[in-house]
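Since the structure comes first, as structure tokens, the remarks are kept for the end.
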Amino acid sequence: MGKTTRKLEVVSPVPADIDIANSIEPLHISEIAQDLNLSPQHYDLYGKYKAKVLLSALDEHGGNGDGYYVVVGGITPTPLGEGKSTTTVGLCQALGAFLDKKVVTCLRQPSQGPTFGIKGGAAGGGYSQVIPMDEFNLHMTGDIHAITASNNLLAAAIDTRIFHESSQSDKALFNRLCPPNKEGKRSFNDIMLRRLKKLGISKTVPEELTQEEVKKFARLDIDPESITWRRVMDVNDRFLRKITVGQGPEEKGMVRETGFDISVASEIMAVLALTTSLSDMRERLGKMVIGNSKAGDPITADDLGLGGALTVLMKDAINPTLMQTLEGTPVLVHAGPFANIAHGNSSIVADKIALKLVGPGGFVVTEAGFGADIGTEKFMNIKCRYSGLKPHCAIIVATIRALKMHGGGPAVVAGKPLDRAYVTENVPLVEAGCVNLARHISNTKAYGVNVVVALNKFSTDSEAELNAVRSMALSAGAFDAVICTHHAHGGKGAVDLGIAVQKACENVTQPLKFLYPLDASIKEKIEAIAKSYGASGVEYSEQAEKQIEMYSKQGFSGLPICMAKTQYSFSDNASAKGAPSGFVLPIRDVRGSIGAGFIYPLVGTMSTMPGLPTRPCFYDIDLDTATGRVIGLS
């Protein structure tokens, strides 16, 4: 790829992730930028090892053709882990450091909730990691903090507006919203003119409004029962899931039940991930619906006067962060929506910049969250719809031990040694679990892309088990199935995968096919996705029916669907492993992320604020005060 790639000195057994990360001195980020032909005016340095790539880089390199576009998904996750982030990074290290290709890895920014909670960090693992690992997993360049501030400013504006409207006349509200200047003249600002246009009022001089128009303009009349916008923080705090606000004496008894979500569940995170430009982000932020008026009309952030201010808070967050892998290949980290409650993919902006930077013959590898039924499905039907991009290849990551679990292997209990079934040869158990892999292959292949299976090898895997998976993957329609050892060997262990991916990209013969047309009804789209899970039908609660009717009436039925569902099964039952079929998928509720641009049905009960386990990851995290190095991050 270029002069910046470095050779790794691997040792066995593989040391702890943080020890490997700390053993490598990262290159100055300007060297990584230079290798991508990024000139200094198109990035801002954030210390020595991170830089924000500016959107002007797209203008500079816009004349370049695009590189190959590769998405990494996985089989249905198990507690044993499949190594999807590790595979994404290892493949890029192979392409850049060993196969001499221009390559950029595009990853999501991890939430600090799981980092300090149960999952740990998300920088990859072993000898396939993004570094500096501690900077990647903690704060990074502050994007999630910007989202938190923006989200909570909007939450504060909602409750405050209800408070002020409750105690003021229409005229008093209007006079305070449009105060006179020193000459005694009133005027509408830009965001107010947007609201007037939405209301069908063409007047631009405040004094010309009739009494009825003054009321329509000044009084949002928000129905507190309809408010869907919640406050957020980037910490797993279960006790904030349901709270009451407005209990102070000055709030005059305006108590309301609400709650907190984790920051990455905010619609603003989804907007950041799906936006295509600064002006597009401004429009999306303004269009976010927070609830309805008592008359049933949607109330937006722009109605509250906030779209512009939110864009100002997010103006730096729209720029992806440039980092590097252990072997010196470039990484763009941007956005971090969860895949079980949002669309689970890194940003369109990062992918578009990366595709121009690598150019024709180069590779951009991006990761989709959780199993291919969730992350890859949303990548295709939501992300690719808005970006206009088409992937050339989709990877499905699997392991022998995870497939054994899908084949009916015993439950895995945290803190207890693995059952013998997972560490000794059992070909029939692996073959039984391949039904999960086979369904993911056929579902992904239906989009018109070539599917490559990456089988992460463990020392306890036998040749017979590995061969069984390889042959079953090929018979299920995979373009290739490759055994990988990048966790233990870095890029060198994913060279075969890199070669297979290149061949798959060079042999694309079909256009991108979506799972459903946008002009189908909300129910038809939900049912198309449910069918891909193996469901025989869909059951809607009374609340879901009511919401579908409301969103259709409000004109939002043309949006794509983003299922909020457990990641641990094709079905709504997390314990149903393998490839369940014939089940009825229950839709409990249906909500809208109108600014981001999707409707999201809730399958069963999905928490948008995780809790902490008995022994969270933070027990192991500390600072070496002599060197200033972080220790214990996983």
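By order in the structure tokens, chains are A, B, ...; within a chain, residues start at 1; ligands start at 1, following the order shown.
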
Could you give me, as JSON lines, a per-residue list for segment 271-338 of chain A showing, wherever an atom lies at most 10 Å from an atom of segment 187-197 of chain A, the closest pair of atoms and their distance in Å to one decimal, using only C-alpha atoms and sorting by chain then residue number from low to high?
{"residue": "A:Gly286", "atom": "CA", "partner": "A:Ile191", "partner_atom": "CA", "distance": 9.2}
{"residue": "A:Thr300", "atom": "CA", "partner": "A:Arg195", "partner_atom": "CA", "distance": 9.6}
{"residue": "A:Asp302", "atom": "CA", "partner": "A:Ile191", "partner_atom": "CA", "distance": 6.5}
{"residue": "A:Asp303", "atom": "CA", "partner": "A:Arg195", "partner_atom": "CA", "distance": 5.9}
{"residue": "A:Leu304", "atom": "CA", "partner": "A:Ile191", "partner_atom": "CA", "distance": 9.0}
{"residue": "A:Gly305", "atom": "CA", "partner": "A:Ile191", "partner_atom": "CA", "distance": 5.9}
{"residue": "A:Leu306", "atom": "CA", "partner": "A:Ile191", "partner_atom": "CA", "distance": 8.0}
{"residue": "A:Gly307", "atom": "CA", "partner": "A:Ile191", "partner_atom": "CA", "distance": 7.7}
{"residue": "A:Gly308", "atom": "CA", "partner": "A:Ile191", "partner_atom": "CA", "distance": 7.6}

Residues of the last selection are to be written out with N, CA, C and O atoms, as a PDB file, in the first residue's frame.
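The result, stored in result_12.pdb:
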ATOM      1  N   GLY A 286     -33.293  19.198  11.529  1.00  0.00           N
ATOM      2  CA  GLY A 286     -34.497  20.023  11.639  1.00  0.00           C
ATOM      3  C   GLY A 286     -35.775  19.228  11.507  1.00  0.00           C
ATOM      4  O   GLY A 286     -36.808  19.585  12.070  1.00  0.00           O
ATOM      5  N   THR A 300     -41.505  19.108  15.014  1.00  0.00           N
ATOM      6  CA  THR A 300     -40.095  18.859  14.682  1.00  0.00           C
ATOM      7  C   THR A 300     -39.146  19.761  15.479  1.00  0.00           C
ATOM      8  O   THR A 300     -39.577  20.726  16.117  1.00  0.00           O
ATOM      9  N   ASP A 302     -37.128  21.806  14.144  1.00  0.00           N
ATOM     10  CA  ASP A 302     -37.229  23.139  13.543  1.00  0.00           C
ATOM     11  C   ASP A 302     -38.420  23.916  14.094  1.00  0.00           C
ATOM     12  O   ASP A 302     -38.352  25.133  14.268  1.00  0.00           O
ATOM     13  N   ASP A 303     -39.530  23.235  14.383  1.00  0.00           N
ATOM     14  CA  ASP A 303     -40.684  23.906  14.991  1.00  0.00           C
ATOM     15  C   ASP A 303     -40.302  24.521  16.334  1.00  0.00           C
ATOM     16  O   ASP A 303     -40.817  25.564  16.724  1.00  0.00           O
ATOM     17  N   LEU A 304     -39.395  23.845  17.042  1.00  0.00           N
ATOM     18  CA  LEU A 304     -38.915  24.338  18.337  1.00  0.00           C
ATOM     19  C   LEU A 304     -37.804  25.373  18.184  1.00  0.00           C
ATOM     20  O   LEU A 304     -37.276  25.869  19.174  1.00  0.00           O
ATOM     21  N   GLY A 305     -37.427  25.673  16.929  1.00  0.00           N
ATOM     22  CA  GLY A 305     -36.402  26.692  16.669  1.00  0.00           C
ATOM     23  C   GLY A 305     -34.976  26.212  16.835  1.00  0.00           C
ATOM     24  O   GLY A 305     -34.058  27.012  17.016  1.00  0.00           O
ATOM     25  N   LEU A 306     -34.764  24.897  16.740  1.00  0.00           N
ATOM     26  CA  LEU A 306     -33.487  24.338  17.191  1.00  0.00           C
ATOM     27  C   LEU A 306     -32.611  23.719  16.110  1.00  0.00           C
ATOM     28  O   LEU A 306     -31.449  23.391  16.365  1.00  0.00           O
ATOM     29  N   GLY A 307     -33.132  23.519  14.881  1.00  0.00           N
ATOM     30  CA  GLY A 307     -32.360  22.821  13.850  1.00  0.00           C
ATOM     31  C   GLY A 307     -30.991  23.410  13.598  1.00  0.00           C
ATOM     32  O   GLY A 307     -29.993  22.692  13.467  1.00  0.00           O
ATOM     33  N   GLY A 308     -30.912  24.737  13.536  1.00  0.00           N
ATOM     34  CA  GLY A 308     -29.635  25.411  13.284  1.00  0.00           C
ATOM     35  C   GLY A 308     -28.645  25.244  14.420  1.00  0.00           C
ATOM     36  O   GLY A 308     -27.461  24.952  14.209  1.00  0.00           O
TER      37      GLY A 308
END

(Q) Set the distance at 6 Å and use only C-alpha atoms: which residues neighbour Gly67 of chain A once local chain neighbours fewer than 5 positions away are removed? I'd like the list as a list in words. (A)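 Result of the neighbour search: Leu355, Val358, Gly359, Pro360, Gly361, Gly362 and Phe363 of chain A.
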
Write out, as JSON lines, each residue of segment 222-282 of chain A that has an atom at most 12 Å from segment 131-149 of chain A, together with the closest pair of atoms and their distance in Å to one decimal, counting only C-alpha atoms, rows going by chain and rising number.
{"residue": "A:Arg230", "atom": "CA", "partner": "A:Thr148", "partner_atom": "CA", "distance": 11.0}
{"residue": "A:Arg231", "atom": "CA", "partner": "A:Thr148", "partner_atom": "CA", "distance": 8.2}
{"residue": "A:Val232", "atom": "CA", "partner": "A:Thr148", "partner_atom": "CA", "distance": 6.1}
{"residue": "A:Met233", "atom": "CA", "partner": "A:Thr148", "partner_atom": "CA", "distance": 6.1}
{"residue": "A:Asp234", "atom": "CA", "partner": "A:Thr148", "partner_atom": "CA", "distance": 7.6}
{"residue": "A:Val235", "atom": "CA", "partner": "A:Thr148", "partner_atom": "CA", "distance": 11.0}
{"residue": "A:Phe260", "atom": "CA", "partner": "A:Thr148", "partner_atom": "CA", "distance": 11.0}
{"residue": "A:Asp261", "atom": "CA", "partner": "A:Thr148", "partner_atom": "CA", "distance": 10.2}
{"residue": "A:Ile262", "atom": "CA", "partner": "A:Thr148", "partner_atom": "CA", "distance": 9.0}
{"residue": "A:Ser263", "atom": "CA", "partner": "A:Thr148", "partner_atom": "CA", "distance": 5.8}
{"residue": "A:Val264", "atom": "CA", "partner": "A:Ile144", "partner_atom": "CA", "distance": 7.2}
{"residue": "A:Ala265", "atom": "CA", "partner": "A:Ile147", "partner_atom": "CA", "distance": 10.1}
{"residue": "A:Ser266", "atom": "CA", "partner": "A:Ile147", "partner_atom": "CA", "distance": 7.7}
{"residue": "A:Glu267", "atom": "CA", "partner": "A:Ile147", "partner_atom": "CA", "distance": 9.2}
{"residue": "A:Ile268", "atom": "CA", "partner": "A:Ile147", "partner_atom": "CA", "distance": 6.2}
{"residue": "A:Met269", "atom": "CA", "partner": "A:Ile147", "partner_atom": "CA", "distance": 6.5}
{"residue": "A:Ala270", "atom": "CA", "partner": "A:Ile147", "partner_atom": "CA", "distance": 10.2}
{"residue": "A:Val271", "atom": "CA", "partner": "A:Ile147", "partner_atom": "CA", "distance": 10.1}
{"residue": "A:Leu272", "atom": "CA", "partner": "A:Ile147", "partner_atom": "CA", "distance": 8.9}
{"residue": "A:Ala273", "atom": "CA", "partner": "A:Asp143", "partner_atom": "CA", "distance": 11.5}

Q.
Need to verify the contact set: Thr276 of chain A, 8 Å, only C-alpha atoms, exclusion of same-chain residues closer than 5 positions in sequence. Can you return it as a ChimeraX atom specification?
A. /A:281,348-349,387

Q | Within 7 Å of segment 462-468 of chain A using only C-alpha atoms, minus same-chain residues under 6 positions, as a list in words | A | Glu425, Val427, Val430 and Glu431 of chain A

Q: Any chance you could list, as a PyMOL selection string, the residues in segment 196-368 of chain A that come up alpha helix (DSSP H) when DSSP is run on the backbone?
A: chain A and resi 196-198+211-218+267-274+278-287+307-314+348-358

Could the residues in this selection be saved with C-alpha atoms as a PDB file, in the first residue's frame?
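Writing done, so here's part-v4.pdb:
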ATOM      1  CA  LEU A 196     -44.376  29.744   8.623  1.00  0.00           C
ATOM      2  CA  LYS A 197     -43.814  27.985   5.290  1.00  0.00           C
ATOM      3  CA  LYS A 198     -44.722  24.622   6.849  1.00  0.00           C
ATOM      4  CA  GLN A 211     -54.818  36.557  15.370  1.00  0.00           C
ATOM      5  CA  GLU A 212     -55.421  33.006  14.111  1.00  0.00           C
ATOM      6  CA  GLU A 213     -52.026  32.936  12.340  1.00  0.00           C
ATOM      7  CA  VAL A 214     -50.300  34.243  15.470  1.00  0.00           C
ATOM      8  CA  LYS A 215     -51.796  31.323  17.419  1.00  0.00           C
ATOM      9  CA  LYS A 216     -50.812  28.742  14.771  1.00  0.00           C
ATOM     10  CA  PHE A 217     -47.259  30.070  14.646  1.00  0.00           C
ATOM     11  CA  ALA A 218     -46.550  30.639  18.347  1.00  0.00           C
ATOM     12  CA  GLU A 267     -31.685   9.732  16.607  1.00  0.00           C
ATOM     13  CA  ILE A 268     -28.911  12.319  16.209  1.00  0.00           C
ATOM     14  CA  MET A 269     -26.408   9.440  16.026  1.00  0.00           C
ATOM     15  CA  ALA A 270     -28.471   7.855  13.233  1.00  0.00           C
ATOM     16  CA  VAL A 271     -28.622  11.240  11.452  1.00  0.00           C
ATOM     17  CA  LEU A 272     -24.815  11.527  11.655  1.00  0.00           C
ATOM     18  CA  ALA A 273     -24.400   8.028  10.223  1.00  0.00           C
ATOM     19  CA  LEU A 274     -26.853   8.511   7.336  1.00  0.00           C
ATOM     20  CA  LEU A 278     -23.447  19.443   5.967  1.00  0.00           C
ATOM     21  CA  SER A 279     -26.592  20.846   4.311  1.00  0.00           C
ATOM     22  CA  ASP A 280     -28.220  17.394   4.349  1.00  0.00           C
ATOM     23  CA  MET A 281     -27.408  17.064   8.082  1.00  0.00           C
ATOM     24  CA  ARG A 282     -28.996  20.487   8.735  1.00  0.00           C
ATOM     25  CA  GLU A 283     -32.211  19.349   7.022  1.00  0.00           C
ATOM     26  CA  ARG A 284     -32.297  15.973   8.784  1.00  0.00           C
ATOM     27  CA  LEU A 285     -31.713  17.497  12.249  1.00  0.00           C
ATOM     28  CA  GLY A 286     -34.497  20.023  11.639  1.00  0.00           C
ATOM     29  CA  LYS A 287     -36.921  17.308  10.469  1.00  0.00           C
ATOM     30  CA  GLY A 307     -32.360  22.821  13.850  1.00  0.00           C
ATOM     31  CA  GLY A 308     -29.635  25.411  13.284  1.00  0.00           C
ATOM     32  CA  ALA A 309     -28.254  25.266  16.837  1.00  0.00           C
ATOM     33  CA  LEU A 310     -28.089  21.449  16.689  1.00  0.00           C
ATOM     34  CA  THR A 311     -26.121  21.690  13.421  1.00  0.00           C
ATOM     35  CA  VAL A 312     -23.662  24.087  15.083  1.00  0.00           C
ATOM     36  CA  LEU A 313     -23.123  21.598  17.928  1.00  0.00           C
ATOM     37  CA  MET A 314     -22.590  18.805  15.368  1.00  0.00           C
ATOM     38  CA  ILE A 348     -21.963   7.219   4.700  1.00  0.00           C
ATOM     39  CA  VAL A 349     -19.622  10.239   4.761  1.00  0.00           C
ATOM     40  CA  ALA A 350     -16.644   8.099   5.895  1.00  0.00           C
ATOM     41  CA  ASP A 351     -17.344   5.429   3.259  1.00  0.00           C
ATOM     42  CA  LYS A 352     -17.656   8.011   0.467  1.00  0.00           C
ATOM     43  CA  ILE A 353     -14.414   9.773   1.432  1.00  0.00           C
ATOM     44  CA  ALA A 354     -12.612   6.416   1.750  1.00  0.00           C
ATOM     45  CA  LEU A 355     -13.815   5.167  -1.666  1.00  0.00           C
ATOM     46  CA  LYS A 356     -12.369   8.290  -3.330  1.00  0.00           C
ATOM     47  CA  LEU A 357      -9.100   8.122  -1.369  1.00  0.00           C
ATOM     48  CA  VAL A 358      -8.359   4.488  -2.323  1.00  0.00           C
TER      49      VAL A 358
END

Q: Would you mind listing what lies within 9 Å of segment 559-568 of chain A as a ChimeraX atom specification, with only C-alpha atoms counted and same-chain residues fewer than 5 positions away left out?
A: /A:76-78,339-343,370-371,373-374,378,381-382,385,516-519,522,525-526,529,573-577,594,597-606

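Comparing A:Gln34, A:Ser150, A:Asn292, A:Thr325 by their smallest distance to Ala21 of chain A, the closest is A:Thr325 (using only C-alpha atoms).
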
Counting only C-alpha atoms, what is within 9 Å of Ala535 of chain A, bar same-chain residues fewer than 3 positions away, as a PDB file with N, CA, C and O atoms, in the first residue's frame?
ATOM      1  N   GLU A 527     -43.166  -7.131   6.831  1.00  0.00           N
ATOM      2  CA  GLU A 527     -43.387  -8.555   6.543  1.00  0.00           C
ATOM      3  C   GLU A 527     -42.329  -9.140   5.610  1.00  0.00           C
ATOM      4  O   GLU A 527     -41.961 -10.307   5.742  1.00  0.00           O
ATOM      5  N   ILE A 529     -39.162  -8.236   5.662  1.00  0.00           N
ATOM      6  CA  ILE A 529     -37.996  -8.468   6.534  1.00  0.00           C
ATOM      7  C   ILE A 529     -38.243  -9.693   7.417  1.00  0.00           C
ATOM      8  O   ILE A 529     -37.369 -10.546   7.574  1.00  0.00           O
ATOM      9  N   ALA A 530     -39.450  -9.793   7.977  1.00  0.00           N
ATOM     10  CA  ALA A 530     -39.793 -10.934   8.841  1.00  0.00           C
ATOM     11  C   ALA A 530     -39.639 -12.251   8.089  1.00  0.00           C
ATOM     12  O   ALA A 530     -39.150 -13.245   8.635  1.00  0.00           O
ATOM     13  N   LYS A 531     -40.035 -12.254   6.814  1.00  0.00           N
ATOM     14  CA  LYS A 531     -39.908 -13.458   5.978  1.00  0.00           C
ATOM     15  C   LYS A 531     -38.437 -13.857   5.842  1.00  0.00           C
ATOM     16  O   LYS A 531     -38.104 -15.047   5.859  1.00  0.00           O
ATOM     17  N   SER A 532     -37.542 -12.851   5.724  1.00  0.00           N
ATOM     18  CA  SER A 532     -36.105 -13.166   5.602  1.00  0.00           C
ATOM     19  C   SER A 532     -35.559 -13.775   6.891  1.00  0.00           C
ATOM     20  O   SER A 532     -34.564 -14.493   6.883  1.00  0.00           O
ATOM     21  N   VAL A 538     -46.618 -12.055  10.865  1.00  0.00           N
ATOM     22  CA  VAL A 538     -46.337 -10.972  11.811  1.00  0.00           C
ATOM     23  C   VAL A 538     -47.599 -10.675  12.602  1.00  0.00           C
ATOM     24  O   VAL A 538     -48.704 -10.671  12.062  1.00  0.00           O
ATOM     25  N   PHE A 570     -32.590 -15.316  14.848  1.00  0.00           N
ATOM     26  CA  PHE A 570     -33.382 -14.819  13.724  1.00  0.00           C
ATOM     27  C   PHE A 570     -34.773 -14.401  14.222  1.00  0.00           C
ATOM     28  O   PHE A 570     -35.402 -13.513  13.663  1.00  0.00           O
ATOM     29  N   SER A 571     -35.239 -15.071  15.272  1.00  0.00           N
ATOM     30  CA  SER A 571     -36.589 -14.822  15.780  1.00  0.00           C
ATOM     31  C   SER A 571     -36.560 -13.771  16.893  1.00  0.00           C
ATOM     32  O   SER A 571     -35.524 -13.170  17.174  1.00  0.00           O
ATOM     33  N   PRO A 580     -34.349 -20.900  13.146  1.00  0.00           N
ATOM     34  CA  PRO A 580     -35.765 -21.160  13.432  1.00  0.00           C
ATOM     35  C   PRO A 580     -36.659 -20.697  12.285  1.00  0.00           C
ATOM     36  O   PRO A 580     -36.317 -19.745  11.575  1.00  0.00           O
ATOM     37  N   SER A 581     -37.789 -21.366  12.089  1.00  0.00           N
ATOM     38  CA  SER A 581     -38.723 -20.941  11.047  1.00  0.00           C
ATOM     39  C   SER A 581     -40.144 -21.259  11.491  1.00  0.00           C
ATOM     40  O   SER A 581     -40.365 -21.992  12.455  1.00  0.00           O
ATOM     41  N   GLY A 582     -41.110 -20.666  10.783  1.00  0.00           N
ATOM     42  CA  GLY A 582     -42.514 -20.924  11.090  1.00  0.00           C
ATOM     43  C   GLY A 582     -43.035 -20.170  12.297  1.00  0.00           C
ATOM     44  O   GLY A 582     -44.173 -20.380  12.711  1.00  0.00           O
ATOM     45  N   PHE A 583     -42.226 -19.285  12.890  1.00  0.00           N
ATOM     46  CA  PHE A 583     -42.673 -18.518  14.060  1.00  0.00           C
ATOM     47  C   PHE A 583     -43.415 -17.253  13.599  1.00  0.00           C
ATOM     48  O   PHE A 583     -43.247 -16.793  12.467  1.00  0.00           O
ATOM     49  N   VAL A 584     -44.216 -16.696  14.492  1.00  0.00           N
ATOM     50  CA  VAL A 584     -44.913 -15.427  14.224  1.00  0.00           C
ATOM     51  C   VAL A 584     -44.133 -14.325  14.937  1.00  0.00           C
ATOM     52  O   VAL A 584     -43.875 -14.415  16.138  1.00  0.00           O
ATOM     53  N   LEU A 585     -43.739 -13.306  14.187  1.00  0.00           N
ATOM     54  CA  LEU A 585     -42.923 -12.226  14.754  1.00  0.00           C
ATOM     55  C   LEU A 585     -43.833 -11.177  15.396  1.00  0.00           C
ATOM     56  O   LEU A 585     -44.677 -10.580  14.716  1.00  0.00           O
TER      57      LEU A 585
END

Q: State, in Å with one decimal place, the distance from atom CA of Arg256 of chain A to atom CA of Glu225 of chain A.
A: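 These atoms are spaced 8.8 Å apart.
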
(Q) Ranking A:Gly184, A:Gly375, A:Pro410, A:Gly388 by minimum distance to Gly73 of chain A and counting only C-alpha atoms, which one comes first? (A)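 Closest to Gly73 of chain A of all the choices is A:Gly375.
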
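When the distance limit is 7 Å and only C-alpha atoms are what count, the residues near segment 498-504 of chain A, minus those fewer than 5 positions from it on the same chain, are Leu91, Ala94, Leu95, Cys393, Asn450, Val452, Phe479 and Asp480 of chain A.
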
Q: Quote the spacing between atom CA of Glu82 of chain A and atom CA of Asn456 of chain A in Å to one decimal place.
A: 7.4 Å
